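J.: Starting off with a structure, shown below.
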Amino acid sequence: MERKVRVRFAPSPTGALHLGGVRTALFNYLFARRHGGDFLLRIEDTDQTRYVPGAEEYIIESLKWCGLTVDEGVGAGGEYGPYRQSERKEIYRQYAIQLVESGNAYYSFDTAEELDALRKESESKGETFMYNAKSRGSLKNSLNLPKEEVQKLLDAGTHYVIRFKMPENEDLKLYDIIRGEVHFNSSLLDDKVLYKSDGMPTYHLANIVDDHLMKISHVIRGEEWLPSLPLHVLLYRAFGWENTMPEFAHLPLILKPVGNGKLSKRDGNKMGFPVFPMEFTDPITKEKWHGYKEDGYFPEAFINMLALLGWNPGTEQEIFTLEELCQQFSLDRVKKSGAKFDPEKTKWFNHKYLIAKSDAELAELVKPYLEADGLNFDKAKVEHICTLMKERYNFVADLYEDCKFFFIPPTEFNEKDSKKYWKEDTPALMNELLDILKSIDDYSFSNTEKIISAWITEKQLGFGKVMNPFRVAIIGAAKGPHMFDVIEIIGKEETIRRMEKALAAMQ
C-alpha cells in the first residue's frame, strides 16, 4: 500500500518569518496538494532562550495571508498533537532514555568550562576539538564511568546532556530527492547533544521523534540542514525506524540580489525591499521590519515569485495561480544551486497581478485610500480611472497617489512645466479654449476631441501649444493620460472651475 504524503513546516518562534521560510512552507504545501496529502504546522520551540513573544502568532497569520491553509497542527488541531514541542517534553525524555539503554547514546557530565578548556588546548595546537569517537573515551561520560557512579551523579541532580554515540569511521551513502546521492563519513561528525538535564531536547532529537510519531513521509527543508542529514538518518536507524523513515529534500538557498551569500534581513533594509511577508516589530529590540503585505504586494504575486525561486516549471510560463502551482509542482524540477533574489522582478509580478484584476476589483482596492483622504467614492468614476491608468503601476497605492488629480484640483502648478508651456500668448488661448469648453454639453472623449481638434486646426495651432498648457491648468503638471479622458472623468463643471482658477493664478 502506498504511503500517504504528509509534510510539515516546522519553524522556530524566534522572530519574523523570513521569505526563505515562507518558500519552504510553500514547497511543502504544493507537494502535499499535488499528491493529495496533508500539510502540517509544527512549532519547534525547544530553545526557550531564543523564544520571541508574538512570533508564533505572526507565523500563523503570515501563512494565512499567503493562502497556505494548514490541514493539521498549531491553530488547526489534529490527532497527533500537541504540535508545540515545548508541550511534548515527556515524550522526548522517554526516547532519549531508550537510546541510552540501547547503547546508541550516553550521559555526558563534562562541564561547559571543561569543554572550553579542551577547545582552547586544541586551538593552541592548530586543531579543532570534537566530542566524538576519538575523544569520548577520555571524557567524563557514562561510557567510561562505572554504572554506580553514573547513577549517583544522576540522583544528585548533576548537570548532564545525552549525546548520540556516532559510529566510528562509517561511510554513509544517503539519498536526497534534489541532490541525488550524498556521501558522509561518520568520523568527521561529532557526538551531538540530543537531550539536556533541564528536560528539553535539542532540535535533532525532537525533530526525528516528532516526524516519526506524526507519520511524516517527506522532509522538505532548507539546505542549511543538509549537514544534519547523516545524524538524522542514524537516529532513525538507532530507533529501528528505517523502514518508515521519511524521504529528504534540501532546498537551495535564496541568495542576495548583489554579491555572494544568503539573503538576510539586513540586505532588505540596505537595499529597500522587504524580506518578511508581513510587518513585524521585535518586542524585545523594538526594531520594526516592513512586510510585503504592508508594502502593497498581492499575496498571489508574492507566492508566485517565491515559487519560481529555485523551482522551474520546464516551460516559459511565469504567471501561476496557486491552484496551477499545486498541479504542476514537483521536487525533481527544484534546482540544486542557489536562487538569486530579484526585487525588481518581484515588482514585475505584482504589476502583472494588478493589471490582471478587473476594474471593479481595483476600484474596491482604491476605495480605502479615498476614504482615508475624506474623498467621495464614485465607483463608476474610479473604475474608469483604473481602465486608463492601471498599466502604468506596480502598486495600488502608487496608482492612487498619481491619480489624485482626478479627485483633488491642483493647489499649485509645477514650476518647471509652467515655465515651459505657459507662454505670453497662453492666457488668451486658454480663455478662448475656456469659452469652447463652456459651450460643450457632451463631455465624452470623442465629442470634446472632435470639437477642440477642429478649433486647433482652424486656428492653425500646434497641438502641443494648446494641450500642454491645458494639461498644466487642469492637472497642475505635465503628467497623466490623454486630456480628453481627464475632462470626461472630471466633468464639465470641474473642468471649467479648474480652468478659471488656473487663469486667475497664472495671468
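Going through the C-alpha cells in order, the chains are called A, B, and so on, while each chain numbers its residues from 1 and the ligands are numbered from 1 in the order shown.
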Report as a list in words all protein, DNA and RNA residues lying within 10 Å of Phe129 of chain A, evaluated on only C-alpha atoms, omitting residues in the same chain fewer than 3 positions from it.
T.: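 In the requested format, the answer is Leu115, Asp116, Leu118, Arg119, Lys120, Glu121, Ser122, Glu123, Gly126, Asn132, Ser135 and Asp190 of chain A.
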J.: Keeping C-alpha atoms, export the residues of the selection given above as a tab-separated table (two decimals), in the first residue's frame.
T.:
```tsv
chain	number	residue	atom	x	y	z
A	115	LEU	CA	34.92	21.61	27.31
A	116	ASP	CA	36.05	25.22	26.73
A	118	LEU	CA	39.72	21.38	25.75
A	119	ARG	CA	38.75	23.58	22.79
A	120	LYS	CA	41.38	26.17	23.70
A	121	GLU	CA	44.01	23.46	24.11
A	122	SER	CA	43.21	22.07	20.65
A	123	GLU	CA	43.28	25.57	19.12
A	126	GLY	CA	46.16	24.30	15.45
A	132	ASN	CA	33.49	12.14	19.05
A	135	SER	CA	37.90	11.87	22.25
A	190	ASP	CA	30.64	14.86	16.40
```
J.: Could you pull the residues within 7 Å of segment 155-164 of chain A, counting only C-alpha atoms, minus those fewer than 3 positions along the same chain, as a PyMOL selection string?
T.: chain A and resi 104-109+151-152+191-197
J.: Please identify the strand (DSSP E or B) residues within segment 93-255 of chain A (assignment by DSSP from backbone atoms) and present them as a ChimeraX atom specification.
T.: /A:105-108,141,161-164,171-176,180-185,193-196,201,218-222,247-251,254-255
J.: Could you go through segment 168-368 of chain A and tell me which residues DSSP, when run on the backbone, assigns to alpha helix (DSSP H), listing them as a compact mmCIF listing (two decimals) with C-alpha atoms, in the first residue's frame?
T.:
```
# COMPACT_ATOMS: atom_id res chain seq x y z
CA TYR A 203 16.32 20.13 17.64
CA HIS A 204 17.80 16.85 16.40
CA LEU A 205 16.02 14.51 18.81
CA ALA A 206 12.70 16.39 18.88
CA ASN A 207 12.65 16.64 15.10
CA ILE A 208 13.16 12.93 14.49
CA VAL A 209 10.75 11.77 17.20
CA ASP A 210 8.03 14.17 16.04
CA ASP A 211 8.42 13.33 12.35
CA HIS A 212 8.14 9.63 13.21
CA LEU A 213 5.15 9.97 15.54
CA LEU A 229 21.15 14.55 7.41
CA PRO A 230 23.62 11.79 8.48
CA LEU A 231 22.78 12.28 12.18
CA HIS A 232 19.06 12.21 11.43
CA VAL A 233 19.31 9.06 9.32
CA LEU A 234 21.46 7.39 12.00
CA LEU A 235 18.88 8.32 14.64
CA TYR A 236 16.16 6.63 12.57
CA ARG A 237 18.41 3.57 12.39
CA ALA A 238 19.12 3.66 16.14
CA PHE A 239 15.39 3.72 16.90
CA LYS A 265 17.01 40.68 6.60
CA ARG A 266 19.82 43.26 6.67
CA ASP A 267 20.08 43.07 2.86
CA GLY A 268 16.43 44.06 2.60
CA ASN A 269 16.92 47.07 4.87
CA LYS A 270 20.04 48.12 2.99
CA MET A 271 18.52 47.78 -0.49
CA PRO A 299 -0.26 37.65 -1.70
CA GLU A 300 -0.73 35.83 -5.04
CA ALA A 301 2.15 37.81 -6.59
CA PHE A 302 4.38 37.18 -3.57
CA ILE A 303 3.68 33.43 -3.70
CA ASN A 304 4.13 33.29 -7.48
CA MET A 305 7.53 34.98 -7.15
CA LEU A 306 8.63 32.61 -4.35
CA ALA A 307 7.59 29.51 -6.28
CA LEU A 322 -1.84 28.82 -6.51
CA GLU A 323 -4.04 26.08 -7.96
CA GLU A 324 -1.83 25.82 -11.06
CA LEU A 325 1.26 25.63 -8.87
CA CYS A 326 -0.34 22.80 -6.89
CA GLN A 327 -0.99 20.90 -10.12
CA GLN A 328 2.46 21.43 -11.65
CA PRO A 343 13.45 42.72 -6.02
CA GLU A 344 12.62 44.30 -9.41
CA LYS A 345 11.22 41.01 -10.69
CA THR A 346 9.06 40.85 -7.57
CA LYS A 347 7.59 44.25 -8.51
CA TRP A 348 7.04 42.91 -12.04
CA PHE A 349 4.97 40.04 -10.63
CA ASN A 350 2.87 42.50 -8.65
CA HIS A 351 2.36 44.62 -11.77
CA LYS A 352 1.14 41.56 -13.68
CA TYR A 353 -1.37 40.73 -10.95
CA LEU A 354 -2.51 44.37 -10.72
CA ILE A 355 -3.27 44.70 -14.44
CA ALA A 356 -4.99 41.30 -14.47
CA ASP A 359 -11.53 47.49 -12.93
CA ALA A 360 -14.25 46.72 -10.39
CA GLU A 361 -11.77 44.80 -8.19
CA LEU A 362 -9.20 47.59 -8.43
CA ALA A 363 -11.80 50.24 -7.64
CA GLU A 364 -12.56 48.42 -4.37
CA LEU A 365 -8.84 48.40 -3.56
CA VAL A 366 -8.60 52.15 -4.23
CA LYS A 367 -11.67 52.86 -2.08
CA PRO A 368 -9.87 52.79 1.35
```
J.: Report as a Markdown table the residues of segment 332-422 of chain A within 12 Å of segment 12-30 of chain A, each with its shortest atom pair and distance in Å (one decimal), using only C-alpha atoms, ordered by chain and increasing residue number.
T.:
```
| residue | atom | partner | partner_atom | distance |
| --- | --- | --- | --- | --- |
| A:Arg333 | CA | A:Phe27 | CA | 11.6 |
| A:Val334 | CA | A:Phe27 | CA | 9.7 |
| A:Gly338 | CA | A:Gly20 | CA | 11.5 |
| A:Ala339 | CA | A:Gly20 | CA | 10.6 |
| A:Lys340 | CA | A:Gly20 | CA | 11.7 |
| A:Phe341 | CA | A:Gly20 | CA | 10.3 |
```
J.: So that I can check the surroundings of Phe470 of chain A, please list as a PyMOL selection string every protein, DNA and RNA residue that reaches within 9 Å of it, counting only C-alpha atoms and ignoring chain neighbours fewer than 6 positions away.
T.: chain A and resi 430+433+483+499
J.: For segment 78-95 of chain A, find every residue with an atom within 7 Å (counting only C-alpha atoms), except residues of its own chain fewer than 3 positions away, and show them as a list in words.
T.: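 Result of the neighbour search: Arg42, Ile43, Glu44, Asp45, Thr46, Glu72, Gly73, Val74, Gln98, Leu99, Gly199, Met200, Pro201, Ala206 and Met214 of chain A.
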J.: Nearest residue to Lys416 of chain A out of A:His218, A:Ser446, A:Ala478, A:Lys379, using only C-alpha atoms?
T.: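 Answer, going by the shortest atom-to-atom distance: A:Ala478.
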J.: Nearest to Val472 of chain A: which of A:Arg33, A:Lys420, A:Lys492, A:Lys64 is it, counting only C-alpha atoms?
T.: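 Closest candidate: A:Lys420.
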J.: When you look at His290 of chain A with a cut-off of 9 Å (counting only C-alpha atoms), what residues show up, excluding the ones that are within fewer than 6 positions of it in the same chain? I need them as a count of residues only.
T.: 10
J.: Measure the distance from atom CA of Phe445 of chain A to atom CA of Asp485 of chain A in Å and round it to one decimal.
T.: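 Computing it gives 5.7 Å between the two atoms.
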J.: Can you tell me, as a ChimeraX atom specification, what residues are no more than 9 Å from Ala397 of chain A when counting only C-alpha atoms, ignoring any on the same chain fewer than 6 positions away?
T.: /A:295-296,366,369
J.: Go ahead and save the picked residues with all heavy atoms, as an mmCIF file, in the first residue's frame.
T.:
```cif
data_model
loop_
_atom_site.group_PDB
_atom_site.id
_atom_site.type_symbol
_atom_site.label_atom_id
_atom_site.label_comp_id
_atom_site.auth_asym_id
_atom_site.auth_seq_id
_atom_site.Cartn_x
_atom_site.Cartn_y
_atom_site.Cartn_z
ATOM 1 N N ASP A 295 3.595 46.733 2.169
ATOM 2 C CA ASP A 295 4.207 47.456 1.052
ATOM 3 C C ASP A 295 3.357 47.403 -0.213
ATOM 4 O O ASP A 295 3.756 47.914 -1.263
ATOM 5 C CB ASP A 295 5.607 46.896 0.755
ATOM 6 C CG ASP A 295 6.659 47.527 1.659
ATOM 7 O OD1 ASP A 295 6.286 48.106 2.698
ATOM 8 O OD2 ASP A 295 7.870 47.448 1.329
ATOM 9 N N GLY A 296 2.191 46.756 -0.100
ATOM 10 C CA GLY A 296 1.246 46.794 -1.221
ATOM 11 C C GLY A 296 1.333 45.641 -2.197
ATOM 12 O O GLY A 296 0.760 45.703 -3.291
ATOM 13 N N VAL A 366 -8.896 50.712 -4.308
ATOM 14 C CA VAL A 366 -8.603 52.154 -4.228
ATOM 15 C C VAL A 366 -9.485 52.821 -3.169
ATOM 16 O O VAL A 366 -9.086 53.806 -2.534
ATOM 17 C CB VAL A 366 -8.795 52.825 -5.622
ATOM 18 C CG1 VAL A 366 -8.760 54.342 -5.512
ATOM 19 C CG2 VAL A 366 -7.735 52.340 -6.613
ATOM 20 N N TYR A 369 -8.201 54.181 0.218
ATOM 21 C CA TYR A 369 -7.306 55.352 0.099
ATOM 22 C C TYR A 369 -8.131 56.637 -0.019
ATOM 23 O O TYR A 369 -7.803 57.657 0.586
ATOM 24 C CB TYR A 369 -6.392 55.207 -1.126
ATOM 25 C CG TYR A 369 -5.375 54.100 -1.001
ATOM 26 C CD1 TYR A 369 -5.615 52.847 -1.553
ATOM 27 C CD2 TYR A 369 -4.166 54.306 -0.335
ATOM 28 C CE1 TYR A 369 -4.681 51.825 -1.436
ATOM 29 C CE2 TYR A 369 -3.225 53.290 -0.220
ATOM 30 C CZ TYR A 369 -3.486 52.054 -0.772
ATOM 31 O OH TYR A 369 -2.553 51.040 -0.653
#
```
J.: Contacts of Thr411 of chain A at 12 Å or less, counting only C-alpha atoms, minus same-chain residues fewer than 3 places along, as a list of chain:residue names?
T.: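 Within the cut-off, the hits are A:Phe405, A:Ile408, A:Asn414, A:Val472, A:Ala473, A:Ile474, A:Ile475, A:Gly476, A:Ala477, A:Arg498, A:Lys501, A:Ala502, A:Ala505.
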J.: Restrict the calculation to only C-alpha atoms, then for each residue of segment 67-172 of chain A with any atom at most 12 Å from an atom of segment 180-184 of chain A give the closest atom pair and their distance in Å to one decimal, rows by chain and rising residue number, as JSON lines.
T.:
```
{"residue": "A:Pro167", "atom": "CA", "partner": "A:Phe184", "partner_atom": "CA", "distance": 12.0}
{"residue": "A:Asn169", "atom": "CA", "partner": "A:Phe184", "partner_atom": "CA", "distance": 9.8}
{"residue": "A:Glu170", "atom": "CA", "partner": "A:Phe184", "partner_atom": "CA", "distance": 8.3}
{"residue": "A:Asp171", "atom": "CA", "partner": "A:Phe184", "partner_atom": "CA", "distance": 6.0}
{"residue": "A:Leu172", "atom": "CA", "partner": "A:Phe184", "partner_atom": "CA", "distance": 5.1}
```
J.: So how far away is atom CA of Ile456 of chain A from atom CA of Thr426 of chain A, in Å?
T.: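 Here the two named atoms are 13.5 Å from each other.
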